[in-house]
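Visitor: Handing over final.pdb, PDB, C-alpha atoms, pLDDT in the B column.
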```
MODEL        1
ATOM      1  CA  MET A   1      -6.377  -2.400   2.079  1.00 51.00           C
ATOM      2  CA  GLU A   2      -5.263  -0.363   4.968  1.00 49.00           C
ATOM      3  CA  ASP A   3      -3.388   2.185   2.991  1.00 47.00           C
ATOM      4  CA  GLY A   4      -5.337   1.343  -0.061  1.00 48.00           C
ATOM      5  CA  SER A   5      -6.632   4.043  -2.272  1.00 45.00           C
ATOM      6  CA  GLY A   6     -10.107   2.855  -1.614  1.00 46.00           C
ATOM      7  CA  GLY A   7     -12.211  -0.108  -0.678  1.00 46.00           C
ATOM      8  CA  ARG A   8     -15.522  -1.527  -1.676  1.00 44.00           C
ATOM      9  CA  LYS A   9     -18.611  -1.836   0.400  1.00 40.00           C
ATOM     10  CA  ARG A  10     -19.231  -5.286   1.833  1.00 43.00           C
ATOM     11  CA  GLY A  11     -21.980  -6.130   4.246  1.00 42.00           C
ATOM     12  CA  GLY A  12     -22.076  -3.034   6.443  1.00 43.00           C
ATOM     13  CA  PRO A  13     -22.186   0.734   6.100  1.00 36.00           C
ATOM     14  CA  ALA A  14     -18.668   1.336   7.387  1.00 40.00           C
ATOM     15  CA  MET A  15     -16.809  -0.078   4.382  1.00 47.00           C
ATOM     16  CA  ALA A  16     -15.077   2.280   1.994  1.00 51.00           C
ATOM     17  CA  ARG A  17     -16.250   2.482  -1.558  1.00 43.00           C
ATOM     18  CA  ASN A  18     -13.595   1.258  -3.955  1.00 39.00           C
ATOM     19  CA  GLY A  19     -11.802   2.757  -6.886  1.00 37.00           C
ATOM     20  CA  GLU A  20      -9.271   5.539  -6.925  1.00 41.00           C
ATOM     21  CA  GLU A  21     -10.547   8.798  -5.490  1.00 38.00           C
ATOM     22  CA  GLU A  22      -9.976  10.531  -8.788  1.00 35.00           C
ATOM     23  CA  LYS A  23     -12.528   8.214 -10.412  1.00 36.00           C
ATOM     24  CA  ARG A  24     -15.317   9.231  -8.067  1.00 33.00           C
ATOM     25  CA  GLY A  25     -17.908  11.531  -9.516  1.00 32.00           C
ATOM     26  CA  GLY A  26     -17.554  15.152  -8.609  1.00 33.00           C
ATOM     27  CA  LYS A  27     -14.046  14.869  -7.175  1.00 39.00           C
ATOM     28  CA  LYS A  28     -10.981  16.237  -8.858  1.00 41.00           C
ATOM     29  CA  SER A  29      -7.969  14.034  -9.436  1.00 45.00           C
ATOM     30  CA  ASN A  30      -5.023  14.472  -7.116  1.00 52.00           C
ATOM     31  CA  LYS A  31      -2.781  12.414  -9.372  1.00 56.00           C
ATOM     32  CA  LYS A  32       0.498  14.133 -10.196  1.00 55.00           C
ATOM     33  CA  ASN A  33       2.432  13.987 -13.412  1.00 51.00           C
ATOM     34  CA  TRP A  34       6.007  13.009 -12.688  1.00 49.00           C
ATOM     35  CA  ASN A  35       8.254  16.054 -12.577  1.00 53.00           C
ATOM     36  CA  PRO A  36      11.721  15.223 -13.910  1.00 48.00           C
ATOM     37  CA  GLN A  37      13.293  17.601 -11.386  1.00 48.00           C
ATOM     38  CA  HIS A  38      12.496  14.917  -8.789  1.00 60.00           C
ATOM     39  CA  GLN A  39      14.710  11.875  -9.129  1.00 88.00           C
ATOM     40  CA  TRP A  40      13.673   8.559  -7.649  1.00 95.00           C
ATOM     41  CA  PRO A  41      16.253   6.877  -5.428  1.00 95.00           C
ATOM     42  CA  PRO A  42      17.985   3.890  -7.027  1.00 96.00           C
ATOM     43  CA  ILE A  43      16.654   0.509  -5.902  1.00 97.00           C
ATOM     44  CA  LYS A  44      19.212  -2.239  -5.508  1.00 96.00           C
ATOM     45  CA  PRO A  45      18.305  -5.812  -6.566  1.00 96.00           C
ATOM     46  CA  LYS A  46      17.599  -8.204  -3.689  1.00 94.00           C
ATOM     47  CA  SER A  47      18.343 -11.842  -4.424  1.00 90.00           C
ATOM     48  CA  HIS A  48      17.509 -13.434  -1.075  1.00 90.00           C
ATOM     49  CA  LEU A  49      14.071 -12.092  -0.199  1.00 96.00           C
ATOM     50  CA  ARG A  50      12.006 -14.281   2.108  1.00 95.00           C
ATOM     51  CA  SER A  51       8.305 -14.051   2.708  1.00 97.00           C
ATOM     52  CA  THR A  52       6.507 -14.676   5.986  1.00 98.00           C
ATOM     53  CA  LEU A  53       3.074 -16.185   5.352  1.00 98.00           C
ATOM     54  CA  LEU A  54       0.348 -14.781   7.579  1.00 98.00           C
ATOM     55  CA  LYS A  55      -2.558 -16.453   5.784  1.00 96.00           C
ATOM     56  CA  SER A  56      -1.230 -18.821   3.108  1.00 95.00           C
ATOM     57  CA  ASP A  57      -0.135 -16.834   0.063  1.00 96.00           C
ATOM     58  CA  HIS A  58      -3.136 -14.512   0.426  1.00 97.00           C
ATOM     59  CA  LEU A  59      -1.329 -12.399   3.001  1.00 98.00           C
ATOM     60  CA  PHE A  60       2.424 -12.204   3.572  1.00 98.00           C
ATOM     61  CA  THR A  61       5.229  -9.859   4.534  1.00 98.00           C
ATOM     62  CA  VAL A  62       8.774  -9.423   3.200  1.00 98.00           C
ATOM     63  CA  GLU A  63      11.274  -7.827   5.566  1.00 97.00           C
ATOM     64  CA  ASN A  64      14.081  -5.639   4.203  1.00 96.00           C
ATOM     65  CA  PHE A  65      12.459  -5.266   0.815  1.00 98.00           C
ATOM     66  CA  PHE A  66      13.808  -1.705   0.870  1.00 98.00           C
ATOM     67  CA  SER A  67      16.972  -0.872   2.748  1.00 96.00           C
ATOM     68  CA  GLY A  68      16.887   1.804   5.409  1.00 95.00           C
ATOM     69  CA  ALA A  69      18.672   4.198   3.052  1.00 97.00           C
ATOM     70  CA  GLU A  70      16.189   3.518   0.242  1.00 98.00           C
ATOM     71  CA  SER A  71      13.214   4.034   2.554  1.00 97.00           C
ATOM     72  CA  LYS A  72      14.520   7.337   3.874  1.00 97.00           C
ATOM     73  CA  ALA A  73      15.357   8.543   0.366  1.00 97.00           C
ATOM     74  CA  PHE A  74      11.817   7.866  -0.860  1.00 98.00           C
ATOM     75  CA  VAL A  75      10.396   9.774   2.117  1.00 98.00           C
ATOM     76  CA  GLN A  76      12.574  12.764   1.226  1.00 97.00           C
ATOM     77  CA  VAL A  77      11.482  12.737  -2.426  1.00 97.00           C
ATOM     78  CA  ALA A  78       7.806  12.368  -1.501  1.00 97.00           C
ATOM     79  CA  GLU A  79       8.031  15.302   0.909  1.00 97.00           C
ATOM     80  CA  SER A  80       9.686  17.412  -1.776  1.00 95.00           C
ATOM     81  CA  MET A  81       6.723  16.696  -4.083  1.00 95.00           C
ATOM     82  CA  GLY A  82       4.127  17.754  -1.541  1.00 95.00           C
ATOM     83  CA  PHE A  83       1.258  15.740  -0.023  1.00 97.00           C
ATOM     84  CA  ARG A  84      -2.444  16.519  -0.142  1.00 96.00           C
ATOM     85  CA  GLN A  85      -4.884  15.648   2.607  1.00 95.00           C
ATOM     86  CA  GLN A  86      -7.246  12.802   1.706  1.00 91.00           C
ATOM     87  CA  GLY A  87     -10.485  12.182   3.583  1.00 91.00           C
ATOM     88  CA  SER A  88     -13.744  10.321   3.131  1.00 84.00           C
ATOM     89  CA  LEU A  89     -17.391  11.027   3.801  1.00 69.00           C
ATOM     90  CA  GLY A  90     -17.610   8.431   6.562  1.00 71.00           C
ATOM     91  CA  PRO A  91     -19.914   5.518   7.474  1.00 71.00           C
ATOM     92  CA  SER A  92     -23.105   7.529   6.949  1.00 66.00           C
ATOM     93  CA  LYS A  93     -22.236   7.660   3.232  1.00 70.00           C
ATOM     94  CA  GLY A  94     -21.222   3.987   2.994  1.00 71.00           C
ATOM     95  CA  GLU A  95     -17.529   4.803   3.136  1.00 80.00           C
ATOM     96  CA  ALA A  96     -14.851   3.943   5.637  1.00 86.00           C
ATOM     97  CA  PHE A  97     -13.453   6.750   7.737  1.00 92.00           C
ATOM     98  CA  ARG A  98     -10.245   7.961   6.164  1.00 94.00           C
ATOM     99  CA  ASP A  99      -7.779  10.623   7.165  1.00 96.00           C
ATOM    100  CA  ASN A 100      -4.292  10.677   5.654  1.00 97.00           C
ATOM    101  CA  ASP A 101      -2.122  12.604   3.215  1.00 98.00           C
ATOM    102  CA  ARG A 102      -1.527  11.310  -0.284  1.00 97.00           C
ATOM    103  CA  ILE A 103       0.494  11.613  -3.505  1.00 97.00           C
ATOM    104  CA  SER A 104      -0.293   9.694  -6.700  1.00 97.00           C
ATOM    105  CA  VAL A 105       1.991   9.505  -9.746  1.00 96.00           C
ATOM    106  CA  GLU A 106       1.962   7.512 -12.971  1.00 96.00           C
ATOM    107  CA  ASP A 107       5.428   6.070 -13.494  1.00 96.00           C
ATOM    108  CA  PRO A 108       5.877   2.758 -15.360  1.00 96.00           C
ATOM    109  CA  LEU A 109       9.667   2.933 -14.941  1.00 96.00           C
ATOM    110  CA  LEU A 110       9.466   3.133 -11.156  1.00 97.00           C
ATOM    111  CA  ALA A 111       6.882   0.331 -11.104  1.00 97.00           C
ATOM    112  CA  HIS A 112       9.198  -1.806 -13.250  1.00 97.00           C
ATOM    113  CA  ALA A 113      12.228  -1.063 -11.046  1.00 97.00           C
ATOM    114  CA  ILE A 114      10.375  -2.105  -7.882  1.00 98.00           C
ATOM    115  CA  TRP A 115       9.047  -5.268  -9.530  1.00 98.00           C
ATOM    116  CA  GLU A 116      12.395  -6.335 -10.961  1.00 97.00           C
ATOM    117  CA  SER A 117      14.324  -5.606  -7.759  1.00 97.00           C
ATOM    118  CA  GLY A 118      13.132  -8.955  -6.415  1.00 96.00           C
ATOM    119  CA  LEU A 119       9.368  -8.786  -5.989  1.00 97.00           C
ATOM    120  CA  HIS A 120       8.735 -10.806  -9.146  1.00 96.00           C
ATOM    121  CA  SER A 121      10.505 -13.839  -7.650  1.00 96.00           C
ATOM    122  CA  LEU A 122       7.916 -14.058  -4.848  1.00 96.00           C
ATOM    123  CA  PHE A 123       5.053 -14.594  -7.308  1.00 97.00           C
ATOM    124  CA  HIS A 124       6.467 -17.444  -9.403  1.00 93.00           C
ATOM    125  CA  ASN A 125       4.049 -19.984  -7.954  1.00 93.00           C
ATOM    126  CA  ILE A 126       1.017 -17.772  -7.389  1.00 97.00           C
ATOM    127  CA  ARG A 127      -1.925 -18.005  -9.804  1.00 96.00           C
ATOM    128  CA  VAL A 128      -5.186 -16.076  -9.644  1.00 96.00           C
ATOM    129  CA  HIS A 129      -7.992 -17.319 -11.871  1.00 93.00           C
ATOM    130  CA  GLY A 130      -5.370 -19.057 -13.986  1.00 95.00           C
ATOM    131  CA  LYS A 131      -3.431 -15.837 -14.528  1.00 96.00           C
ATOM    132  CA  VAL A 132       0.153 -15.062 -13.516  1.00 98.00           C
ATOM    133  CA  ALA A 133       1.761 -11.934 -12.082  1.00 98.00           C
ATOM    134  CA  VAL A 134       3.339  -9.735 -14.756  1.00 98.00           C
ATOM    135  CA  GLY A 135       4.314  -6.516 -12.959  1.00 98.00           C
ATOM    136  CA  LEU A 136       3.081  -3.570 -10.918  1.00 98.00           C
ATOM    137  CA  ASN A 137       0.390  -1.015 -11.527  1.00 98.00           C
ATOM    138  CA  PRO A 138       2.221   2.131 -12.764  1.00 97.00           C
ATOM    139  CA  ASN A 139      -0.035   4.185 -10.496  1.00 97.00           C
ATOM    140  CA  ILE A 140       2.317   4.654  -7.536  1.00 97.00           C
ATOM    141  CA  ARG A 141       0.913   6.200  -4.381  1.00 98.00           C
ATOM    142  CA  PHE A 142       2.571   7.572  -1.274  1.00 98.00           C
ATOM    143  CA  TYR A 143       0.678   7.874   2.008  1.00 98.00           C
ATOM    144  CA  ARG A 144       1.553   9.894   5.072  1.00 98.00           C
ATOM    145  CA  TYR A 145      -0.142   9.337   8.426  1.00 98.00           C
ATOM    146  CA  LYS A 146       0.522  11.855  11.169  1.00 98.00           C
ATOM    147  CA  VAL A 147      -0.472  11.441  14.811  1.00 98.00           C
ATOM    148  CA  GLY A 148      -4.166  10.650  15.059  1.00 97.00           C
ATOM    149  CA  GLN A 149      -4.629   9.837  11.367  1.00 97.00           C
ATOM    150  CA  ARG A 150      -6.037   6.443  10.361  1.00 97.00           C
ATOM    151  CA  PHE A 151      -8.025   4.535   7.739  1.00 96.00           C
ATOM    152  CA  GLY A 152     -11.102   2.617   8.912  1.00 95.00           C
ATOM    153  CA  ARG A 153     -12.145  -0.912   7.979  1.00 95.00           C
ATOM    154  CA  HIS A 154     -12.498  -1.413   4.237  1.00 95.00           C
ATOM    155  CA  ILE A 155     -11.924  -3.685   1.246  1.00 94.00           C
ATOM    156  CA  ASP A 156      -9.571  -3.103  -1.752  1.00 96.00           C
ATOM    157  CA  GLU A 157     -11.040  -3.770  -5.172  1.00 95.00           C
ATOM    158  CA  SER A 158      -9.341  -5.118  -8.282  1.00 97.00           C
ATOM    159  CA  VAL A 159      -8.690  -2.612 -11.056  1.00 97.00           C
ATOM    160  CA  ASP A 160      -9.119  -3.490 -14.736  1.00 97.00           C
ATOM    161  CA  LEU A 161      -6.135  -2.053 -16.622  1.00 97.00           C
ATOM    162  CA  GLY A 162      -7.302  -3.333 -20.026  1.00 97.00           C
ATOM    163  CA  GLY A 163      -5.845  -5.928 -22.319  1.00 96.00           C
ATOM    164  CA  GLY A 164      -6.737  -8.748 -19.951  1.00 96.00           C
ATOM    165  CA  ARG A 165      -4.671  -7.198 -17.156  1.00 98.00           C
ATOM    166  CA  THR A 166      -6.181  -6.775 -13.693  1.00 98.00           C
ATOM    167  CA  THR A 167      -4.739  -5.990 -10.280  1.00 98.00           C
ATOM    168  CA  GLN A 168      -5.067  -8.848  -7.790  1.00 98.00           C
ATOM    169  CA  TYR A 169      -2.746  -7.992  -4.887  1.00 98.00           C
ATOM    170  CA  THR A 170      -2.123  -4.853  -2.858  1.00 98.00           C
ATOM    171  CA  LEU A 171       1.518  -3.918  -2.259  1.00 98.00           C
ATOM    172  CA  LEU A 172       2.483  -1.719   0.676  1.00 98.00           C
ATOM    173  CA  ILE A 173       6.078  -0.826   1.452  1.00 98.00           C
ATOM    174  CA  TYR A 174       6.491   0.769   4.861  1.00 98.00           C
ATOM    175  CA  LEU A 175       9.010   3.597   4.608  1.00 98.00           C
ATOM    176  CA  THR A 176       9.020   4.189   8.363  1.00 97.00           C
ATOM    177  CA  GLY A 177       8.330   1.796  11.190  1.00 94.00           C
ATOM    178  CA  SER A 178       8.723   0.839  14.796  1.00 79.00           C
ATOM    179  CA  LEU A 179      12.317  -0.272  14.230  1.00 60.00           C
ATOM    180  CA  MET A 180      13.369   2.542  11.933  1.00 47.00           C
ATOM    181  CA  SER A 181      15.751   3.944  14.550  1.00 50.00           C
ATOM    182  CA  LYS A 182      17.567   2.869  17.684  1.00 55.00           C
ATOM    183  CA  THR A 183      16.385   6.142  19.173  1.00 58.00           C
ATOM    184  CA  LYS A 184      12.947   5.656  20.723  1.00 62.00           C
ATOM    185  CA  ASN A 185      12.056   9.296  20.167  1.00 67.00           C
ATOM    186  CA  GLU A 186      12.253   8.727  16.406  1.00 73.00           C
ATOM    187  CA  SER A 187      10.453   5.384  16.329  1.00 87.00           C
ATOM    188  CA  LEU A 188       6.938   5.049  14.925  1.00 94.00           C
ATOM    189  CA  VAL A 189       4.209   4.010  17.353  1.00 95.00           C
ATOM    190  CA  GLY A 190       0.793   2.829  16.170  1.00 96.00           C
ATOM    191  CA  GLY A 191      -0.315   2.599  12.548  1.00 97.00           C
ATOM    192  CA  GLU A 192      -0.724  -1.186  12.552  1.00 98.00           C
ATOM    193  CA  THR A 193      -2.463  -2.833   9.601  1.00 98.00           C
ATOM    194  CA  VAL A 194      -5.106  -5.214  10.961  1.00 98.00           C
ATOM    195  CA  PHE A 195      -6.936  -7.891   8.956  1.00 98.00           C
ATOM    196  CA  TYR A 196     -10.273  -9.445   9.944  1.00 98.00           C
ATOM    197  CA  ASN A 197     -12.188 -12.564   8.958  1.00 95.00           C
ATOM    198  CA  HIS A 198     -15.848 -12.593   7.989  1.00 92.00           C
ATOM    199  CA  ARG A 199     -16.846 -12.904  11.653  1.00 94.00           C
ATOM    200  CA  GLY A 200     -14.806  -9.884  12.700  1.00 94.00           C
ATOM    201  CA  GLY A 201     -12.023 -11.869  14.327  1.00 97.00           C
ATOM    202  CA  VAL A 202      -8.437 -10.684  13.912  1.00 98.00           C
ATOM    203  CA  VAL A 203      -6.518 -12.694  11.303  1.00 97.00           C
ATOM    204  CA  ALA A 204      -3.280 -10.715  11.513  1.00 98.00           C
ATOM    205  CA  GLU A 205      -1.964  -7.496  13.016  1.00 98.00           C
ATOM    206  CA  VAL A 206       1.057  -6.096  11.198  1.00 98.00           C
ATOM    207  CA  ALA A 207       3.184  -3.411  12.831  1.00 97.00           C
ATOM    208  CA  PRO A 208       5.043  -1.257  10.280  1.00 97.00           C
ATOM    209  CA  LEU A 209       8.764  -1.917   9.988  1.00 97.00           C
ATOM    210  CA  GLU A 210      11.001   0.323   7.922  1.00 96.00           C
ATOM    211  CA  GLY A 211      11.553  -1.259   4.503  1.00 97.00           C
ATOM    212  CA  MET A 212       9.108  -4.135   4.992  1.00 98.00           C
ATOM    213  CA  ALA A 213       6.656  -5.022   2.199  1.00 98.00           C
ATOM    214  CA  LEU A 214       3.139  -6.249   2.948  1.00 98.00           C
ATOM    215  CA  LEU A 215       1.186  -8.018   0.210  1.00 98.00           C
ATOM    216  CA  HIS A 216      -2.382  -9.290   0.286  1.00 98.00           C
ATOM    217  CA  ILE A 217      -4.904 -10.499  -2.221  1.00 98.00           C
ATOM    218  CA  HIS A 218      -7.630  -8.018  -3.036  1.00 97.00           C
ATOM    219  CA  GLY A 219     -10.822  -8.002  -5.070  1.00 95.00           C
ATOM    220  CA  TYR A 220     -13.458 -10.652  -4.308  1.00 92.00           C
ATOM    221  CA  ASN A 221     -11.230 -12.495  -1.807  1.00 94.00           C
ATOM    222  CA  CYS A 222      -9.965  -9.395  -0.034  1.00 97.00           C
ATOM    223  CA  MET A 223     -10.101  -9.435   3.746  1.00 97.00           C
ATOM    224  CA  LEU A 224     -11.606  -6.559   5.656  1.00 97.00           C
ATOM    225  CA  HIS A 225      -8.770  -4.474   7.071  1.00 97.00           C
ATOM    226  CA  GLU A 226      -7.857  -1.115   8.586  1.00 98.00           C
ATOM    227  CA  ALA A 227      -4.923   1.125   9.423  1.00 98.00           C
ATOM    228  CA  ARG A 228      -4.948   2.004  13.100  1.00 98.00           C
ATOM    229  CA  ALA A 229      -4.196   5.528  14.211  1.00 98.00           C
ATOM    230  CA  VAL A 230      -0.598   6.648  14.537  1.00 98.00           C
ATOM    231  CA  THR A 231       0.149   7.682  18.115  1.00 97.00           C
ATOM    232  CA  LYS A 232       3.744   8.891  17.764  1.00 96.00           C
ATOM    233  CA  ASN A 233       5.824  10.257  14.867  1.00 96.00           C
ATOM    234  CA  VAL A 234       4.877   9.812  11.179  1.00 97.00           C
ATOM    235  CA  LYS A 235       4.041   6.751   9.096  1.00 98.00           C
ATOM    236  CA  TYR A 236       5.018   6.766   5.403  1.00 98.00           C
ATOM    237  CA  VAL A 237       3.965   4.093   2.922  1.00 98.00           C
ATOM    238  CA  LEU A 238       4.581   3.434  -0.775  1.00 98.00           C
ATOM    239  CA  ARG A 239       1.587   1.712  -2.402  1.00 98.00           C
ATOM    240  CA  SER A 240       0.994  -0.087  -5.694  1.00 98.00           C
ATOM    241  CA  ASP A 241      -0.771  -3.233  -6.933  1.00 98.00           C
ATOM    242  CA  VAL A 242       0.415  -6.494  -8.488  1.00 98.00           C
ATOM    243  CA  VAL A 243      -0.961  -6.962 -12.011  1.00 98.00           C
ATOM    244  CA  PHE A 244      -1.974 -10.380 -13.365  1.00 98.00           C
ATOM    245  CA  ALA A 245      -2.560 -11.404 -16.975  1.00 98.00           C
TER
ENDMDL
END
```
Once you've parsed the file, please lay out its structure as structure tokens.

Guide:
Amino acid sequence: MEDGSGGRKRGGPAMARNGEEEKRGGKKSNKKNWNPQHQWPPIKPKSHLRSTLLKSDHLFTVENFFSGAESKAFVQVAESMGFRQQGSLGPSKGEAFRDNDRISVEDPLLAHAIWESGLHSLFHNIRVHGKVAVGLNPNIRFYRYKVGQRFGRHIDESVDLGGGRTTQYTLLIYLTGSLMSKTKNESLVGGETVFYNHRGGVVAEVAPLEGMALLHIHGYNCMLHEARAVTKNVKYVLRSDVVFA
């Protein structure tokens, strides 16, 4: 997806290849081992989450999934860890254009905390190939988009985690957004996530809102999508994937 860690080629040369960057031949991993000196912010349970369907249950948003305080706290921790620039080879190499900054950590406890804070309740009635949602991918990623940075049109692939477990949905949690502050000078401008149908028509255009979660099916049924360039301030996103078994 937009802030996905990769996408697979479908139909044209401008689609990103899928799989995590660290799995690509010849590239070193930028995955970080969790340093205990960094402490994740506590995540409070949310009992009244409501989803807004943008394309049935294949694409939906959840406002106020993180509170403003939680979002800002995660930004602070991510900045203290340090981002690395992440780019791609571009359309001439069969990859989508990509320019953002990235952190990747393996943390099952954080994945469990996010899932149990209320996300699990939104997947009670969703089945994919007869399987049910069981949690989040422990590979947690943070993305930072500064002015001018974007991620071109691409597709997110499913990841086989073994034991009959595969990822089937992308989870993005916007940590900054257009309504993050009453002060216009601090508000994010640009960085919309845009989804397209097979004819190139726009299915949905999602403007980042602080604390909002965006979820969409990926793998074979994934829609082509992109992250438009940020034009003012900085866009931060927490990314994981919903695992089915």

Visitor: What gap, in Å, lies between CA of Val206 (chain A) and CA of Val242 (chain A)?

Guide: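 Rounded to one decimal, the two atoms are 19.7 Å apart.
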
Visitor: Which residues come within 10 Å of His112 (chain A), counting all atoms listed in the file, excluding same-chain residues fewer than 4 positions away, as a PyMOL selection string?

Guide: chain A and resi 107-108+116-117+120+134-138

Visitor: Given the PyMOL selection byres ((chain A and resi 160-175) around 9) and the file above, list the residues it selects as a VMD selection string.

Guide: chain A and resid 1 to 4 58 65 to 66 68 70 to 72 74 to 75 128 133 to 134 136 to 137 156 to 159 176 to 177 180 208 to 219 222 235 to 245

Visitor: I'd like to know which of A:Tyr220, A:Tyr145, A:Phe195, A:Trp40 is closest to Leu109 (chain A), using all atoms listed in the file.

Guide: A:Trp40

Visitor: Taking into account only C-alpha atoms, which residue in the set A:Ala69, A:Ala96, A:Leu122, A:Ile114 is nearest to Ser51 (chain A)?

Guide: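 When distances to Ser51 (chain A) are compared using only C-alpha atoms, the smallest one comes from A:Leu122.
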
Visitor: At what distance in Å, to one decimal, does CA of Arg84 (chain A) lie from CA of Gly191 (chain A)?

Guide: 19.0 Å

Visitor: Find the distance between CA of Phe97 (chain A) and CA of Ala229 (chain A) and write it in Å to one decimal.

Guide: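 The value is 11.4 Å.
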
Visitor: Please enumerate the residues selected by the PyMOL selection byres ((chain A and resi 233) around 8) when evaluated against the supplied file, formatted as a VMD selection string.

Guide: chain A and resid 146 to 147 186 to 189 230 to 232 234 to 235

Visitor: Out of A:Arg199, A:Arg141, A:His225, A:His48, which residue has the shortest atom-to-atom distance to Val105 (chain A) when counting all atoms listed in the file?

Guide: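 Among the listed residues, the smallest separation from Val105 (chain A) belongs to A:Arg141.
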
Visitor: Counting all atoms listed in the file, figure out which residue out of A:Asp57, A:Arg102, A:Gly152, A:Pro91 gets nearest to His124 (chain A).

Guide: A:Asp57

Visitor: Nearest to Ile103 (chain A) among A:Ser88, A:Ser178, A:Thr61, A:Asn139, with distances taken over only C-alpha atoms: which residue is it?

Guide: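 Smallest distance to Ile103 (chain A) is found for A:Asn139.
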
Visitor: May I ask which of the residues A:Ala78, A:Val132, A:Val203, A:Ala227 is the closest one to Gly148 (chain A), counting only C-alpha atoms?

Guide: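 Smallest distance to Gly148 (chain A) is found for A:Ala227.
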
Visitor: For region 46-51 of chain A, which lacks atoms in the input, supply all heavy atoms and format the output as an mmCIF file, in the frame of the given file.

Guide:
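So the final result, stored in rebuild_38.cif, reads:
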```
data_model
loop_
_atom_site.group_PDB
_atom_site.id
_atom_site.type_symbol
_atom_site.label_atom_id
_atom_site.label_comp_id
_atom_site.auth_asym_id
_atom_site.auth_seq_id
_atom_site.Cartn_x
_atom_site.Cartn_y
_atom_site.Cartn_z
ATOM 1 N N LYS A 46 17.506 -7.346 -4.872
ATOM 2 C CA LYS A 46 17.599 -8.204 -3.689
ATOM 3 C C LYS A 46 17.388 -9.647 -4.139
ATOM 4 O O LYS A 46 16.336 -9.994 -4.668
ATOM 5 C CB LYS A 46 16.542 -7.842 -2.644
ATOM 6 C CG LYS A 46 16.853 -6.580 -1.835
ATOM 7 C CD LYS A 46 16.465 -5.313 -2.534
ATOM 8 C CE LYS A 46 16.656 -4.094 -1.649
ATOM 9 N NZ LYS A 46 16.303 -2.853 -2.362
ATOM 10 N N SER A 47 18.396 -10.473 -3.910
ATOM 11 C CA SER A 47 18.343 -11.842 -4.424
ATOM 12 C C SER A 47 17.930 -12.869 -3.378
ATOM 13 O O SER A 47 17.696 -14.033 -3.710
ATOM 14 C CB SER A 47 19.708 -12.240 -4.990
ATOM 15 O OG SER A 47 20.720 -12.124 -3.999
ATOM 16 N N HIS A 48 17.815 -12.455 -2.119
ATOM 17 C CA HIS A 48 17.509 -13.434 -1.075
ATOM 18 C C HIS A 48 16.296 -12.998 -0.245
ATOM 19 O O HIS A 48 16.290 -13.138 0.978
ATOM 20 C CB HIS A 48 18.707 -13.641 -0.162
ATOM 21 C CG HIS A 48 19.922 -14.131 -0.882
ATOM 22 N ND1 HIS A 48 20.014 -15.405 -1.399
ATOM 23 C CD2 HIS A 48 21.090 -13.514 -1.196
ATOM 24 C CE1 HIS A 48 21.186 -15.560 -1.994
ATOM 25 N NE2 HIS A 48 21.853 -14.429 -1.885
ATOM 26 N N LEU A 49 15.274 -12.502 -0.909
ATOM 27 C CA LEU A 49 14.071 -12.092 -0.199
ATOM 28 C C LEU A 49 13.318 -13.318 0.315
ATOM 29 O O LEU A 49 13.208 -14.333 -0.382
ATOM 30 C CB LEU A 49 13.158 -11.285 -1.123
ATOM 31 C CG LEU A 49 13.689 -9.919 -1.576
ATOM 32 C CD1 LEU A 49 12.735 -9.297 -2.585
ATOM 33 C CD2 LEU A 49 13.895 -8.987 -0.379
ATOM 34 N N ARG A 50 12.790 -13.201 1.522
ATOM 35 C CA ARG A 50 12.006 -14.281 2.108
ATOM 36 C C ARG A 50 10.674 -13.740 2.590
ATOM 37 O O ARG A 50 10.614 -12.685 3.214
ATOM 38 C CB ARG A 50 12.762 -14.930 3.272
ATOM 39 C CG ARG A 50 14.014 -15.686 2.859
ATOM 40 C CD ARG A 50 14.610 -16.422 4.041
ATOM 41 N NE ARG A 50 15.786 -17.195 3.654
ATOM 42 C CZ ARG A 50 16.478 -17.961 4.496
ATOM 43 N NH1 ARG A 50 16.105 -18.043 5.760
ATOM 44 N NH2 ARG A 50 17.541 -18.634 4.061
ATOM 45 N N SER A 51 9.637 -14.483 2.295
ATOM 46 C CA SER A 51 8.305 -14.051 2.708
ATOM 47 C C SER A 51 7.880 -14.787 3.970
ATOM 48 O O SER A 51 8.244 -15.953 4.187
ATOM 49 C CB SER A 51 7.287 -14.306 1.588
ATOM 50 O OG SER A 51 7.257 -15.670 1.224
#
```
